[in-house]
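So this one's my_file08.txt, compact mmCIF, C-alpha atoms:
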# COMPACT_ATOMS: atom_id res chain seq x y z
CA MET U 1 -44.78 6.64 -9.94
CA LYS U 2 -44.77 2.84 -9.87
CA HIS U 3 -41.73 2.88 -12.22
CA VAL U 4 -39.72 5.03 -9.81
CA ARG U 5 -39.25 2.26 -7.23
CA PRO U 6 -37.72 -0.28 -9.70
CA VAL U 7 -35.43 2.41 -11.12
CA ALA U 8 -34.44 3.51 -7.60
CA MET U 9 -33.80 -0.12 -6.64
CA ALA U 10 -31.65 -0.66 -9.73
CA LEU U 11 -29.64 2.48 -8.95
CA ALA U 12 -29.18 1.38 -5.34
CA VAL U 13 -27.94 -2.05 -6.46
CA MET U 14 -25.47 -0.42 -8.87
CA LEU U 15 -24.21 1.95 -6.19
CA PHE U 16 -23.71 -0.82 -3.64
CA ALA U 17 -22.10 -3.06 -6.25
CA GLY U 18 -19.70 -0.24 -7.12
CA ALA U 19 -18.81 0.27 -3.47
CA ALA U 20 -18.00 -3.43 -3.13
CA GLN U 21 -15.76 -3.53 -6.21
CA ALA U 22 -12.12 -4.33 -5.76
CA GLU U 23 -9.57 -1.63 -5.18
CA VAL U 24 -6.66 -2.66 -7.47
CA LYS U 25 -6.15 -1.15 -10.94
CA LYS U 26 -3.76 -2.39 -13.65
CA PHE U 27 -1.59 -0.15 -15.84
CA MET U 28 0.68 -0.97 -18.76
CA HIS U 29 3.98 0.82 -19.37
CA GLN U 30 7.05 0.44 -21.55
CA CYS U 31 9.95 -1.53 -20.12
CA ASP U 32 12.85 -2.99 -22.11
CA GLY U 33 10.98 -2.52 -25.40
CA LYS U 34 7.82 -4.35 -24.32
CA LEU U 35 4.68 -3.67 -22.32
CA CYS U 36 4.84 -4.50 -18.62
CA PRO U 37 2.02 -4.37 -16.06
CA SER U 38 2.05 -2.35 -12.87
CA PHE U 39 -0.64 -2.11 -10.25
CA GLN U 40 -2.04 0.57 -7.94
CA ILE U 41 -4.80 0.72 -5.39
CA VAL U 42 -7.57 3.27 -5.40
CA LEU U 43 -6.58 5.35 -2.41
CA THR U 44 -7.49 8.39 -0.41
CA PRO U 45 -4.59 10.03 1.46
CA PRO U 46 -5.02 10.65 5.19
CA ASP U 47 -6.12 14.15 6.24
CA GLY U 48 -3.24 16.57 5.74
CA TRP U 49 -1.51 14.36 3.14
CA VAL U 50 -1.48 14.37 -0.67
CA ILE U 51 -0.34 12.11 -3.48
CA ASP U 52 3.02 13.22 -4.88
CA GLU U 53 2.15 12.63 -8.55
CA GLU U 54 5.68 13.26 -9.82
CA ALA U 55 7.29 10.80 -7.37
CA THR U 56 4.52 8.28 -8.06
CA ARG U 57 5.20 8.44 -11.80
CA ALA U 58 8.98 8.36 -11.43
CA ASN U 59 9.06 5.46 -8.94
CA ARG U 60 6.03 3.48 -10.20
CA VAL U 61 4.76 3.26 -6.63
CA GLN U 62 2.12 5.48 -5.07
CA VAL U 63 3.82 8.10 -2.89
CA ILE U 64 1.91 10.09 -0.26
CA VAL U 65 3.47 13.09 1.51
CA PRO U 66 2.32 15.70 4.04
CA LYS U 67 0.71 18.74 2.38
CA GLY U 68 3.33 21.33 1.45
CA LYS U 69 6.07 18.67 1.11
CA ASP U 70 7.29 16.48 -1.71
CA PHE U 71 9.26 13.26 -2.06
CA SER U 72 12.61 14.93 -1.32
CA SER U 73 11.45 17.25 1.48
CA ALA U 74 9.01 15.12 3.48
CA PRO U 75 10.39 14.06 6.89
CA ALA U 76 8.16 10.96 6.60
CA LEU U 77 6.26 9.62 3.62
CA ILE U 78 4.05 6.67 2.80
CA TYR U 79 4.42 4.58 -0.33
CA VAL U 80 2.26 1.74 -1.62
CA GLN U 81 3.55 -1.14 -3.75
CA VAL U 82 1.12 -3.67 -5.22
CA TYR U 83 2.22 -7.18 -6.21
CA TYR U 84 0.22 -9.77 -8.11
CA HIS U 85 -0.21 -12.72 -5.72
CA ARG U 86 0.84 -15.54 -8.06
CA ASP U 87 1.09 -18.30 -5.48
CA LYS U 88 -2.35 -18.62 -3.92
CA GLN U 89 -0.99 -21.33 -1.59
CA GLN U 90 1.38 -18.79 -0.01
CA SER U 91 -0.21 -17.12 3.01
CA LEU U 92 0.21 -13.42 3.69
CA ALA U 93 2.44 -14.30 6.67
CA ASP U 94 4.65 -16.43 4.39
CA PHE U 95 4.81 -13.63 1.81
CA ALA U 96 5.89 -11.21 4.57
CA GLU U 97 8.51 -13.66 5.85
CA VAL U 98 10.03 -14.10 2.37
CA SER U 99 10.01 -10.33 1.78
CA ASN U 100 11.62 -9.63 5.17
CA LYS U 101 14.32 -12.28 4.61
CA ARG U 102 15.08 -10.72 1.21
CA TRP U 103 15.45 -7.31 2.88
CA LEU U 104 17.77 -8.69 5.58
CA ALA U 105 19.92 -10.31 2.89
CA SER U 106 20.30 -7.01 1.02
CA VAL U 107 20.66 -4.70 4.04
CA LYS U 108 23.10 -6.53 6.31
CA ASP U 109 22.70 -4.26 9.37
CA ALA U 110 18.88 -4.13 9.26
CA LYS U 111 16.76 -5.16 12.23
CA ILE U 112 13.11 -6.14 11.82
CA SER U 113 10.58 -6.46 14.61
CA GLU U 114 6.92 -7.42 14.43
CA ARG U 115 4.28 -4.83 15.35
CA PRO U 116 0.59 -5.32 16.14
CA ALA U 117 -1.64 -6.02 13.15
CA VAL U 118 -4.07 -3.33 11.98
CA GLU U 119 -7.69 -4.29 11.32
CA ARG U 120 -9.31 -2.74 8.25
CA LYS U 121 -12.69 -0.98 8.21
CA ASN U 122 -13.56 -2.49 4.81
CA GLY U 123 -13.80 -6.05 6.16
CA LYS U 124 -10.72 -7.27 4.30
CA PRO U 125 -8.06 -9.20 6.26
CA GLY U 126 -5.94 -7.00 8.54
CA TYR U 127 -2.46 -5.76 7.76
CA LEU U 128 0.59 -7.56 9.17
CA ARG U 129 3.09 -4.92 10.33
CA PHE U 130 6.84 -4.78 10.88
CA ALA U 131 9.28 -2.10 12.05
CA PHE U 132 12.62 -1.78 10.25
CA GLU U 133 15.82 -0.14 11.46
CA ASN U 134 18.27 0.31 8.58
CA PRO U 135 21.37 2.19 9.84
CA SER U 136 23.21 1.96 6.50
CA LYS U 137 20.24 3.35 4.50
CA LYS U 138 20.29 7.09 5.28
CA GLN U 139 17.07 7.91 3.39
CA GLN U 140 15.23 4.90 4.87
CA ALA U 141 16.86 4.63 8.28
CA TYR U 142 13.49 3.87 9.86
CA GLU U 143 10.44 2.26 8.28
CA VAL U 144 7.21 0.61 9.22
CA GLY U 145 5.86 -1.82 6.64
CA ALA U 146 2.42 -3.38 6.43
CA PHE U 147 1.33 -6.27 4.22
CA GLY U 148 -2.32 -6.73 3.22
CA ILE U 149 -4.44 -8.47 0.60
CA ASP U 150 -6.72 -6.87 -1.99
CA ALA U 151 -8.22 -7.78 -5.37
CA ASP U 152 -9.19 -6.32 -8.72
CA THR U 153 -12.62 -6.38 -10.37
CA ASP U 154 -11.85 -9.79 -11.91
CA GLY U 155 -11.13 -11.35 -8.50
CA ASN U 156 -7.35 -11.53 -8.99
CA GLU U 157 -5.56 -11.32 -5.66
CA PHE U 158 -2.78 -8.84 -4.87
CA VAL U 159 -0.46 -8.20 -1.94
CA LEU U 160 -0.21 -4.61 -0.75
CA ASP U 161 3.03 -3.39 0.81
CA VAL U 162 2.29 -0.08 2.54
CA VAL U 163 5.45 1.51 3.93
CA MET U 164 5.99 4.61 6.04
CA THR U 165 9.62 5.66 5.75
CA GLY U 166 11.98 8.41 6.81
CA ALA U 167 15.48 9.27 7.95
CA ASP U 168 14.32 10.22 11.47
CA LYS U 169 12.42 7.92 13.85
CA ALA U 170 10.75 10.91 15.55
CA ALA U 171 9.21 11.92 12.18
CA LEU U 172 7.72 8.44 11.83
CA ASP U 173 6.40 8.60 15.40
CA ARG U 174 4.66 11.91 14.58
CA ALA U 175 3.13 10.43 11.40
CA GLU U 176 2.09 7.11 12.99
CA LYS U 177 -1.52 8.18 13.67
CA ASP U 178 -2.03 9.15 10.01
CA TYR U 179 -0.36 5.95 8.80
CA ILE U 180 -2.62 3.78 10.97
CA ALA U 181 -5.70 5.72 9.77
CA PHE U 182 -4.59 5.09 6.16
CA LEU U 183 -4.19 1.35 6.81
CA LYS U 184 -7.60 1.08 8.48
CA ALA U 185 -9.25 2.83 5.52
CA HIS U 186 -7.55 0.72 2.84

Show the structure stored in the file as C-alpha cells.
Amino acid sequence: MKHVRPVAMALAVMLFAGAAQAEVKKFMHQCDGKLCPSFQIVLTPPDGWVIDEEATRANRVQVIVPKGKDFSSAPALIYVQVYYHRDKQQSLADFAEVSNKRWLASVKDAKISERPAVERKNGKPGYLRFAFENPSKKQQAYEVGAFGIDADTDGNEFVLDVVMTGADKAALDRAEKDYIAFLKAH
C-alpha cells in the first residue's frame, strides 16, 4: 500500500503536465518538390459543430462547420490558421496591424473595425478581434477575425488567426455565441 501513493503522485504529475502542454502541432507536407511545415492547434469544435476533414486537408487550415453542413454549404464557418511567430519583438497587436493592412491592400473595398477582445479560459493572453466587411468577396463578405498566441511542446511561439466567415452577416450573428465559446476555450 505504501507504494500506491508514490505511483498515484507520479500519475497525477504526468496528467497535470499533459494538460499544461502546448496546443500547437507541426506537420510536414510536399510543396514544390520539398517538405514544408504547416501547423495546427489541438481543438475541440463548439457544441453543434464538427471539423470538416476534407476542407481542412484541401485548404491546409482547420475548418469547422455546423453539424450537417460542409465547407460549401455552411452559412457560416470557422477556420484556424497557425503561423510561426518568427519575430519575437513583434507584439500581437503589431502582427494584427500588419495582417489587417495586408488585407486592406488586397481587398480595396474592405472595411475593418476593432471588436472587444476575448479572454481565454486557459490563462493564455486574450484574442484581439476585428470585424471585416468585404463587399467584393462574395464568399467572405463578412468575417470576424481573432488573433491569439499559443506554443508547441518545445516552447516555440505561434500566432493563431481564428476567423468566422460567411456571405451573410445574419449567419455570422447567429453563430457569434459559438465562435466566442470556441475562442474562450482555445

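Closest approach to Phe71 (chain U) among U:Thr153, U:Gln139, U:Asn134, U:Gln40: U:Gln139, based on all atoms listed in the file.
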
For this session: Enter the distance from CA of Arg86 (chain U) to CA of Asn100 (chain U), in Å, rounded to one decimal.
Result: 18.1 Å

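Minimum distance to Asp52 (chain U) across U:Val107, U:Ala76, U:Ala171, U:Ile64 (counting only C-alpha atoms) occurs at U:Ile64.
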
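For the pair CA of Lys88 (chain U) and CA of Trp103 (chain U), the separation is 22.2 Å.
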
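Minimum distance to Leu77 (chain U) across U:Arg174, U:His186, U:Lys138, U:Lys108 (counting only C-alpha atoms) occurs at U:Arg174.
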
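Residue nearest Tyr127 (chain U) within the list U:Leu35, U:Ala74, U:Leu160, U:Ala141: U:Leu160 [criterion: smallest interatomic distance, only C-alpha atoms].
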
For this session: Quote the spacing between CA of Ser99 (chain U) and CA of Asp161 (chain U) in Å to one decimal place.
Result: 9.9 Å

Problem set entry | Selection: 8 Å around Val42 (chain U), only C-alpha atoms, excl. self and same-chain fewer than 2 positions, as a PyMOL selection string | chain U and resi 23-25+40+44

Problem set entry | Residue neighbourhood Met28 (chain U), 9 Å, all atoms listed in the file, exclusion window fewer than 5 positions, as an MDAnalysis selection string | chainID U and resid 35:39

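Minimum distance to Asp178 (chain U) across U:Ile112, U:Val98, U:Met164, U:Val159 (counting all atoms listed in the file) occurs at U:Met164.
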
Exercise. Do you know which residues are at most 7 Å from Ala131 (chain U) counting all atoms listed in the file, after dropping those on the same chain fewer than 6 positions away, and could you put them as a VMD selection string?
Worked result: chain U and resid 112 to 115 143 to 145

Residue contacts of Ile51 (chain U) (8 Å, only C-alpha atoms) excluding same-chain residues fewer than 2 positions away, as a PDB file with C-alpha atoms, in the coordinates of the input:
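Saved result, selection12.pdb, follows:
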ATOM      1  CA  PRO U  45      -4.590  10.030   1.460  1.00  0.00           C
ATOM      2  CA  TRP U  49      -1.510  14.360   3.140  1.00  0.00           C
ATOM      3  CA  GLU U  53       2.150  12.630  -8.550  1.00  0.00           C
ATOM      4  CA  THR U  56       4.520   8.280  -8.060  1.00  0.00           C
ATOM      5  CA  GLN U  62       2.120   5.480  -5.070  1.00  0.00           C
ATOM      6  CA  VAL U  63       3.820   8.100  -2.890  1.00  0.00           C
ATOM      7  CA  ILE U  64       1.910  10.090  -0.260  1.00  0.00           C
ATOM      8  CA  VAL U  65       3.470  13.090   1.510  1.00  0.00           C
TER       9      VAL U  65
END

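You can rank U:Phe132, U:Phe27, U:Phe158, U:Tyr142 by their closest distance to Ser91 (chain U) using all atoms listed in the file, and at the top of that list sits U:Phe158.
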
Problem set entry | Nearby residues (all atoms listed in the file) at most 10 Å from Pro75 (chain U), same-chain spacing under 6 positions excluded, as a PyMOL selection string | chain U and resi 65-66+69+139+165-172+174-175

Take the residues from that selection and write them out as a JSON list (two decimals), in the frame of the given file, keeping C-alpha atoms.
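Resulting contents of again01.json:
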[["chain", "number", "residue", "atom", "x", "y", "z"],
["U", 65, "VAL", "CA", 3.47, 13.09, 1.51],
["U", 66, "PRO", "CA", 2.32, 15.70, 4.04],
["U", 69, "LYS", "CA", 6.07, 18.67, 1.11],
["U", 139, "GLN", "CA", 17.07, 7.91, 3.39],
["U", 165, "THR", "CA", 9.62, 5.66, 5.75],
["U", 166, "GLY", "CA", 11.98, 8.41, 6.81],
["U", 167, "ALA", "CA", 15.48, 9.27, 7.95],
["U", 168, "ASP", "CA", 14.32, 10.22, 11.47],
["U", 169, "LYS", "CA", 12.42, 7.92, 13.85],
["U", 170, "ALA", "CA", 10.75, 10.91, 15.55],
["U", 171, "ALA", "CA", 9.21, 11.92, 12.18],
["U", 172, "LEU", "CA", 7.72, 8.44, 11.83],
["U", 174, "ARG", "CA", 4.66, 11.91, 14.58],
["U", 175, "ALA", "CA", 3.13, 10.43, 11.40]]
